[in-house]
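Engineer: The structure follows.
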Amino acid sequence: MSATFLPGSVSLLAAHHLFPEQHLDNAQLLDALERLAGKRYAKIASRISPFLGIEGRHFSRSIYSHTSAPTPSNSDLVVSVVTQLLEQSNTALDSIDYLIGHTTTPDTQLPPSIAWVAEKLRYHGPFMELRQACTGFSSGLQIAIPRMAMLDKPVMIVGSETGSVYFDYHPDFLDQSQLVNYMQMGDGAGGVIIAPEDVPGLGKISDCFTGQIGVEQSPGLSLDGGSMSVYTQDGKARFHHDASNVRKSGEALFQASILALRSRGYELNDFDYIIPHQASGHIDTMLAEALDIDPAKIINDAKHWGNLGSAAIWCSFSKLVNSGTLSKGSKVVILGAEATKYMYGGFVYTHA
């Protein structure tokens with residue numbers, strides 16, 4: 001099935017991102033692994049690390065105990081992002097029509113994590129949360145933009161992850177899949193405020209699209225829990241990561257986005273910058289070689305942030321938009337790719 005595009009464009013009023021204060025490089029992570037799990041696991045992780053190309057990331061958990069609660073919590077990170085988005089855009093909280101969150105690592109499954117955000121902010125408007133990873137941003141836009149067309153009010157979308165807590169240093173938890181997660185995934189939050197097209201802003205978001213190629217494919221990433229596996233109430237919930245399946249399907253997801261953009265008359269070389277989903281610190285060189293494009297155009301933040309899951313696109317987008325490197329008319333394309341059940345999506349951004 002082909003991708004679904006939304007008509008028209010919307011105004012970007014603000015973009016912001018932030019991370020837990022604790023930033024850890026690979027040496028610190030390997031030291032913690034050796035201290036709490038033993039030399040064997042630290043050696044395995046050190047051999048995995050070069051293939052991932054990630055040199056450090058932010059953690060909300062402690063590396064001095066086998067398990068840890070997140071500090072800050074997922075909702076605390078989102079509250080801080082929301083506060084900064086409102087300040088950046090000079091927007092009042094009560095003028096936001098809808099608050100949309102997307103995450104795989106909520107404070108609580110029910111109520112959704114975004115409910116705690118609304119509680120902490122004393123936000124009285126409607127909210128929703130998508131339990132979605134790397135293309136949560138795309139689904140959020142698919143919901144927000146049609147609503148905005150009908151009600152003519154701004155909407156806020158925030159993606160967040162605090163997945164570092166889904167790791168236990170006890171040897172009975174550890175295998176190669178969990179060590180890949182440990183050396184790859186990071187914590188953070190990012191989001192945007194969007195408004196009707198005629199509202200002055202930082203630029204325009206257009207050509208929003210989404211699709212999937214996951215039928216008859218086993219998940220590349222999954223998380224224990226839910227009514228099909230309630231046994232995890234007596235055990236350790238964990239992210240399961242089929243790295244080989246993800247690797248095989250990754251290029252196909254990006255190709256699906258490229259074909260979707262071509263149906264709208266775009267080629268990748270038309271853009272000043274490309275923001276792909278970043279599961280690897282090698283993403284710029286990998287994509288450049290695969291697609292025959294200039295690697296300088298490809299944003300690679302994973303090297304220092306890791307794979308941020310649902311927060312990844314908004315964090316890189318926010319960094320670029322606020323960097324001062326874009327000029328009037330600069331065009332950026334976003335290529336989202338999610339390996340849970342192989343979804344893709346993106347949009348075009350034109351700087352004002």
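Chain labels follow the order of the structure tokens: the first chain is A, the next B, and so on; residue numbering restarts at 1 in every chain, and ligands are counted from 1 in their shown order.
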Which polymer residues have any atom within 8 Å of an atom of region 170-185 of chain A, counting only C-alpha atoms, with same-chain residues fewer than 5 positions away left out, as a list in words?
Structural biologist: Asn26, Leu29, Leu36, Ala37, Tyr41, Ile44, Ala45, Ile48, Ser49, Leu52, Ile54, Arg57, His66, Gly163, Ser164, Phe239, His240, His241, Asp242, Ala243, Ala279, Ser280, Gly306, Asn307, Leu308 and Gly309 of chain A
Engineer: Convert the current residue selection to file output with N, CA and C atoms, as a JSON list (two decimals), in the first residue's frame.
Structural biologist:
[["chain", "number", "residue", "atom", "x", "y", "z"],
["A", 26, "ASN", "N", 31.11, 5.75, 26.20],
["A", 26, "ASN", "CA", 31.18, 4.30, 26.20],
["A", 26, "ASN", "C", 32.08, 3.75, 27.28],
["A", 29, "LEU", "N", 30.10, 3.54, 30.44],
["A", 29, "LEU", "CA", 29.11, 2.48, 30.39],
["A", 29, "LEU", "C", 29.75, 1.10, 30.52],
["A", 36, "LEU", "N", 29.25, -4.15, 37.70],
["A", 36, "LEU", "CA", 28.00, -4.73, 38.18],
["A", 36, "LEU", "C", 27.67, -6.09, 37.57],
["A", 37, "ALA", "N", 28.25, -6.40, 36.40],
["A", 37, "ALA", "CA", 27.92, -7.66, 35.74],
["A", 37, "ALA", "C", 29.13, -8.57, 35.51],
["A", 41, "TYR", "N", 30.82, -9.68, 30.23],
["A", 41, "TYR", "CA", 29.80, -8.89, 29.54],
["A", 41, "TYR", "C", 30.37, -7.56, 29.04],
["A", 44, "ILE", "N", 32.10, -8.33, 25.75],
["A", 44, "ILE", "CA", 31.15, -8.52, 24.65],
["A", 44, "ILE", "C", 30.61, -7.17, 24.18],
["A", 45, "ALA", "N", 30.23, -6.32, 25.14],
["A", 45, "ALA", "CA", 29.70, -5.00, 24.79],
["A", 45, "ALA", "C", 30.73, -4.15, 24.08],
["A", 48, "ILE", "N", 30.74, -5.03, 20.48],
["A", 48, "ILE", "CA", 29.53, -4.58, 19.79],
["A", 48, "ILE", "C", 29.62, -3.10, 19.43],
["A", 49, "SER", "N", 30.18, -2.32, 20.32],
["A", 49, "SER", "CA", 30.15, -0.86, 20.24],
["A", 49, "SER", "C", 30.62, -0.28, 18.90],
["A", 52, "LEU", "N", 28.03, -0.13, 16.16],
["A", 52, "LEU", "CA", 26.93, 0.80, 16.37],
["A", 52, "LEU", "C", 27.32, 2.25, 16.06],
["A", 54, "ILE", "N", 28.13, 4.58, 18.07],
["A", 54, "ILE", "CA", 27.62, 5.52, 19.07],
["A", 54, "ILE", "C", 28.66, 5.69, 20.17],
["A", 57, "ARG", "N", 25.65, 8.69, 25.27],
["A", 57, "ARG", "CA", 24.23, 9.04, 25.30],
["A", 57, "ARG", "C", 23.83, 9.47, 26.69],
["A", 66, "HIS", "N", 21.84, -2.19, 40.09],
["A", 66, "HIS", "CA", 21.44, -3.11, 39.04],
["A", 66, "HIS", "C", 20.21, -2.63, 38.29],
["A", 163, "GLY", "N", 14.03, 4.90, 28.27],
["A", 163, "GLY", "CA", 14.16, 3.45, 28.15],
["A", 163, "GLY", "C", 15.36, 2.86, 28.85],
["A", 164, "SER", "N", 16.28, 3.68, 29.34],
["A", 164, "SER", "CA", 17.47, 3.13, 30.01],
["A", 164, "SER", "C", 17.10, 2.32, 31.25],
["A", 239, "PHE", "N", 13.06, -4.92, 26.63],
["A", 239, "PHE", "CA", 12.98, -4.70, 25.20],
["A", 239, "PHE", "C", 13.68, -5.87, 24.51],
["A", 240, "HIS", "N", 13.00, -6.46, 23.52],
["A", 240, "HIS", "CA", 13.60, -7.50, 22.70],
["A", 240, "HIS", "C", 14.00, -6.87, 21.37],
["A", 241, "HIS", "N", 15.22, -7.13, 20.95],
["A", 241, "HIS", "CA", 15.80, -6.43, 19.81],
["A", 241, "HIS", "C", 16.36, -7.45, 18.82],
["A", 242, "ASP", "N", 15.72, -7.58, 17.68],
["A", 242, "ASP", "CA", 16.21, -8.45, 16.61],
["A", 242, "ASP", "C", 17.03, -7.60, 15.64],
["A", 243, "ALA", "N", 18.30, -7.40, 16.00],
["A", 243, "ALA", "CA", 19.15, -6.47, 15.26],
["A", 243, "ALA", "C", 19.32, -6.88, 13.80],
["A", 279, "ALA", "N", 19.38, 5.22, 14.23],
["A", 279, "ALA", "CA", 19.65, 4.09, 15.11],
["A", 279, "ALA", "C", 21.14, 3.80, 15.19],
["A", 280, "SER", "N", 21.91, 4.41, 14.31],
["A", 280, "SER", "CA", 23.34, 4.13, 14.21],
["A", 280, "SER", "C", 24.14, 5.43, 14.13],
["A", 306, "GLY", "N", 22.81, 8.55, 20.86],
["A", 306, "GLY", "CA", 22.27, 7.21, 20.74],
["A", 306, "GLY", "C", 20.95, 7.22, 19.99],
["A", 307, "ASN", "N", 20.30, 6.07, 19.96],
["A", 307, "ASN", "CA", 18.98, 5.94, 19.34],
["A", 307, "ASN", "C", 17.95, 6.40, 20.37],
["A", 308, "LEU", "N", 17.25, 7.48, 20.08],
["A", 308, "LEU", "CA", 16.30, 8.08, 21.03],
["A", 308, "LEU", "C", 14.87, 7.61, 20.81],
["A", 309, "GLY", "N", 14.65, 6.63, 19.93],
["A", 309, "GLY", "CA", 13.32, 6.09, 19.76],
["A", 309, "GLY", "C", 12.31, 7.16, 19.37]]
Engineer: Output as a list in words all residues of region 33-149 of chain A that backbone DSSP marks as strand (DSSP E or B).
Structural biologist: Gly56, Arg57, His58, Tyr98, Leu99, Ile100, Gly101, His102, Phe127, Met128, Glu129 and Leu130 of chain A
Engineer: Point out the residue among A:Val165, A:Ala237, A:Ala339, A:Leu13 with the least atom-to-atom distance to Ser218 (chain A), counting only C-alpha atoms.
Structural biologist: A:Ala339
Engineer: I'd like the contact shell of Asn90 (chain A) - 10 Å cut-off, only C-alpha atoms, skipping same-chain residues fewer than 4 positions apart - returned as a list in words.
Structural biologist: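 Residues meeting the cut-off are Leu13, Ala14, Gln84, Leu85 and Leu86 of chain A.
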Engineer: Write out, as a PDB file, in the first residue's frame, the residues just selected, with N, CA, C and O atoms.
Structural biologist:
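Contents of result.pdb, freshly written:
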ATOM      1  N   LEU A  13       5.659  26.930  15.094  1.00  0.00           N
ATOM      2  CA  LEU A  13       5.821  28.045  16.041  1.00  0.00           C
ATOM      3  C   LEU A  13       7.040  27.867  16.942  1.00  0.00           C
ATOM      4  O   LEU A  13       7.665  28.849  17.346  1.00  0.00           O
ATOM      5  N   ALA A  14       7.355  26.621  17.286  1.00  0.00           N
ATOM      6  CA  ALA A  14       8.473  26.378  18.197  1.00  0.00           C
ATOM      7  C   ALA A  14       8.921  24.936  18.074  1.00  0.00           C
ATOM      8  O   ALA A  14       8.136  24.045  17.742  1.00  0.00           O
ATOM      9  N   GLN A  84       9.396  25.067  27.703  1.00  0.00           N
ATOM     10  CA  GLN A  84      10.288  25.797  26.807  1.00  0.00           C
ATOM     11  C   GLN A  84       9.620  26.107  25.470  1.00  0.00           C
ATOM     12  O   GLN A  84       9.849  27.168  24.877  1.00  0.00           O
ATOM     13  N   LEU A  85       8.794  25.195  24.972  1.00  0.00           N
ATOM     14  CA  LEU A  85       8.063  25.448  23.725  1.00  0.00           C
ATOM     15  C   LEU A  85       7.135  26.648  23.873  1.00  0.00           C
ATOM     16  O   LEU A  85       7.050  27.504  22.977  1.00  0.00           O
ATOM     17  N   LEU A  86       6.443  26.720  24.994  1.00  0.00           N
ATOM     18  CA  LEU A  86       5.531  27.844  25.233  1.00  0.00           C
ATOM     19  C   LEU A  86       6.296  29.154  25.330  1.00  0.00           C
ATOM     20  O   LEU A  86       5.883  30.180  24.772  1.00  0.00           O
TER      21      LEU A  86
END
Engineer: Which residues are close to region 331-336 of chain A, i.e. within 7 Å by only C-alpha atoms, leaving aside same-chain residues fewer than 3 positions away? Reply as a ChimeraX atom specification.
Structural biologist: /A:134-135,254,257,271-277,344-351
Engineer: Hey, can you spit out that residue selection with all heavy atoms as a compact mmCIF listing (two decimals), in the first residue's frame?
Structural biologist:
# COMPACT_ATOMS: atom_id res chain seq x y z
N CYS A 134 9.69 5.13 16.76
CA CYS A 134 10.44 6.06 15.92
C CYS A 134 9.62 6.84 14.91
O CYS A 134 10.11 7.82 14.35
CB CYS A 134 11.56 5.31 15.21
SG CYS A 134 12.48 4.21 16.30
N THR A 135 8.38 6.41 14.64
CA THR A 135 7.51 7.21 13.76
C THR A 135 6.33 7.80 14.52
O THR A 135 5.32 8.17 13.91
CB THR A 135 7.00 6.38 12.56
OG1 THR A 135 6.35 5.20 13.04
CG2 THR A 135 8.14 6.01 11.63
N PHE A 254 13.66 3.28 4.35
CA PHE A 254 14.10 4.54 3.77
C PHE A 254 13.73 4.62 2.29
O PHE A 254 13.32 5.68 1.79
CB PHE A 254 15.60 4.74 3.97
CG PHE A 254 15.98 5.09 5.39
CD1 PHE A 254 16.90 4.33 6.08
CD2 PHE A 254 15.42 6.18 6.02
CE1 PHE A 254 17.25 4.64 7.39
CE2 PHE A 254 15.77 6.52 7.33
CZ PHE A 254 16.68 5.74 8.01
N SER A 257 10.16 5.69 1.90
CA SER A 257 9.99 7.13 2.05
C SER A 257 10.43 7.88 0.80
O SER A 257 9.78 8.83 0.37
CB SER A 257 10.79 7.63 3.26
OG SER A 257 10.19 7.26 4.47
N PHE A 271 17.11 18.82 -1.29
CA PHE A 271 17.06 19.33 0.08
C PHE A 271 18.44 19.75 0.57
O PHE A 271 19.46 19.17 0.22
CB PHE A 271 16.48 18.25 1.01
CG PHE A 271 15.07 17.88 0.65
CD1 PHE A 271 14.80 16.73 -0.10
CD2 PHE A 271 14.01 18.68 1.03
CE1 PHE A 271 13.50 16.40 -0.45
CE2 PHE A 271 12.71 18.35 0.69
CZ PHE A 271 12.46 17.22 -0.05
N ASP A 272 18.43 20.78 1.43
CA ASP A 272 19.67 21.25 2.04
C ASP A 272 20.14 20.30 3.14
O ASP A 272 21.34 20.12 3.34
CB ASP A 272 19.48 22.65 2.62
CG ASP A 272 19.10 23.65 1.55
OD1 ASP A 272 19.99 24.00 0.75
OD2 ASP A 272 17.92 24.07 1.49
N TYR A 273 19.18 19.71 3.87
CA TYR A 273 19.51 18.76 4.94
C TYR A 273 18.50 17.62 4.93
O TYR A 273 17.34 17.80 4.57
CB TYR A 273 19.50 19.44 6.31
CG TYR A 273 20.61 20.43 6.50
CD1 TYR A 273 20.39 21.79 6.31
CD2 TYR A 273 21.89 20.01 6.85
CE1 TYR A 273 21.41 22.71 6.47
CE2 TYR A 273 22.92 20.93 7.01
CZ TYR A 273 22.68 22.28 6.82
OH TYR A 273 23.69 23.18 6.97
N ILE A 274 18.97 16.46 5.37
CA ILE A 274 18.14 15.27 5.50
C ILE A 274 18.25 14.79 6.94
O ILE A 274 19.37 14.59 7.45
CB ILE A 274 18.60 14.16 4.54
CG1 ILE A 274 18.51 14.64 3.09
CG2 ILE A 274 17.80 12.88 4.74
CD1 ILE A 274 19.33 13.80 2.11
N ILE A 275 17.12 14.62 7.61
CA ILE A 275 17.11 14.08 8.97
C ILE A 275 16.48 12.69 8.91
O ILE A 275 15.26 12.56 8.84
CB ILE A 275 16.32 14.97 9.94
CG1 ILE A 275 16.91 16.37 10.00
CG2 ILE A 275 16.32 14.34 11.34
CD1 ILE A 275 16.16 17.33 10.93
N PRO A 276 17.31 11.64 8.94
CA PRO A 276 16.76 10.28 8.99
C PRO A 276 16.57 9.87 10.45
O PRO A 276 17.15 10.47 11.36
CB PRO A 276 17.88 9.45 8.35
CG PRO A 276 19.13 10.18 8.77
CD PRO A 276 18.77 11.65 8.85
N HIS A 277 15.77 8.80 10.66
CA HIS A 277 15.81 8.23 12.00
C HIS A 277 17.21 7.66 12.21
O HIS A 277 17.79 7.05 11.32
CB HIS A 277 14.78 7.12 12.20
CG HIS A 277 14.91 6.53 13.57
ND1 HIS A 277 14.53 7.22 14.69
CD2 HIS A 277 15.47 5.37 13.99
CE1 HIS A 277 14.82 6.50 15.76
NE2 HIS A 277 15.39 5.37 15.36
N TYR A 344 6.98 3.78 8.32
CA TYR A 344 7.81 4.89 7.86
C TYR A 344 6.94 6.14 7.75
O TYR A 344 5.71 6.06 7.74
CB TYR A 344 8.48 4.57 6.52
CG TYR A 344 7.53 4.35 5.37
CD1 TYR A 344 7.19 5.40 4.51
CD2 TYR A 344 6.97 3.10 5.11
CE1 TYR A 344 6.32 5.21 3.44
CE2 TYR A 344 6.10 2.89 4.05
CZ TYR A 344 5.78 3.95 3.22
OH TYR A 344 4.91 3.76 2.17
N GLY A 345 7.58 7.28 7.67
CA GLY A 345 6.84 8.53 7.55
C GLY A 345 7.79 9.71 7.60
O GLY A 345 8.98 9.56 7.91
N GLY A 346 7.26 10.89 7.29
CA GLY A 346 8.11 12.07 7.31
C GLY A 346 7.36 13.31 6.89
O GLY A 346 6.14 13.31 6.80
N PHE A 347 8.14 14.35 6.63
CA PHE A 347 7.57 15.61 6.16
C PHE A 347 8.66 16.46 5.56
O PHE A 347 9.86 16.14 5.67
CB PHE A 347 6.84 16.36 7.28
CG PHE A 347 7.69 16.74 8.48
CD1 PHE A 347 8.42 17.92 8.52
CD2 PHE A 347 7.74 15.91 9.60
CE1 PHE A 347 9.18 18.29 9.61
CE2 PHE A 347 8.50 16.25 10.71
CZ PHE A 347 9.22 17.44 10.73
N VAL A 348 8.26 17.55 4.94
CA VAL A 348 9.18 18.55 4.39
C VAL A 348 9.06 19.81 5.23
O VAL A 348 7.95 20.24 5.55
CB VAL A 348 8.85 18.83 2.92
CG1 VAL A 348 9.69 20.00 2.39
CG2 VAL A 348 9.09 17.58 2.06
N TYR A 349 10.20 20.37 5.58
CA TYR A 349 10.21 21.64 6.32
C TYR A 349 10.90 22.70 5.49
O TYR A 349 12.00 22.47 4.95
CB TYR A 349 10.94 21.48 7.66
CG TYR A 349 11.15 22.80 8.38
CD1 TYR A 349 10.08 23.46 8.97
CD2 TYR A 349 12.41 23.40 8.45
CE1 TYR A 349 10.26 24.67 9.63
CE2 TYR A 349 12.59 24.60 9.11
CZ TYR A 349 11.51 25.24 9.70
OH TYR A 349 11.69 26.45 10.34
N THR A 350 10.27 23.88 5.36
CA THR A 350 10.85 25.03 4.65
C THR A 350 11.01 26.17 5.64
O THR A 350 10.03 26.65 6.22
CB THR A 350 9.95 25.47 3.48
OG1 THR A 350 9.68 24.34 2.64
CG2 THR A 350 10.63 26.56 2.66
N HIS A 351 12.25 26.61 5.83
CA HIS A 351 12.55 27.63 6.83
C HIS A 351 12.10 29.00 6.35
O HIS A 351 12.24 29.34 5.18
CB HIS A 351 14.06 27.65 7.10
CG HIS A 351 14.43 28.28 8.41
ND1 HIS A 351 13.97 27.81 9.62
CD2 HIS A 351 15.24 29.34 8.69
CE1 HIS A 351 14.48 28.56 10.57
NE2 HIS A 351 15.24 29.49 10.05
Engineer: Between A:Gly101, A:Pro50, A:Gly225, A:Gly211, which has the minimum distance to Ala260 (chain A) (counting only C-alpha atoms)?
Structural biologist: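 Nearest candidate to Ala260 (chain A) out of A:Gly101, A:Pro50, A:Gly225, A:Gly211: A:Gly211.
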Engineer: In terms of the shortest atom-to-atom distance over only C-alpha atoms, which of A:Thr108, A:Gln28, A:Thr71, A:Gln212 is closest to Gly56 (chain A)?
Structural biologist: A:Gln28
Engineer: Determine the nearest neighbour of Ala312 (chain A) from the options A:Glu216, A:Asp207, A:Glu161, A:Asp294, counting only C-alpha atoms.
Structural biologist: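 Among A:Glu216, A:Asp207, A:Glu161, A:Asp294, it is A:Glu161 that comes nearest to Ala312 (chain A).
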Engineer: With a distance cut-off of 7 Å and only C-alpha atoms, select the neighbouring residues of region 73-75 of chain A, excluding the residue or stretch itself and same-chain residues fewer than 2 positions from it, and output the selection as a list in words.
Structural biologist: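 Skipping anything fewer than 2 positions along the chain leaves Pro70, Thr71, Leu77, Val78, Val79, Pro106, Asp107, Ser113, Ile114, Trp116, Val117, Ser160, Glu161 and Thr162 of chain A.
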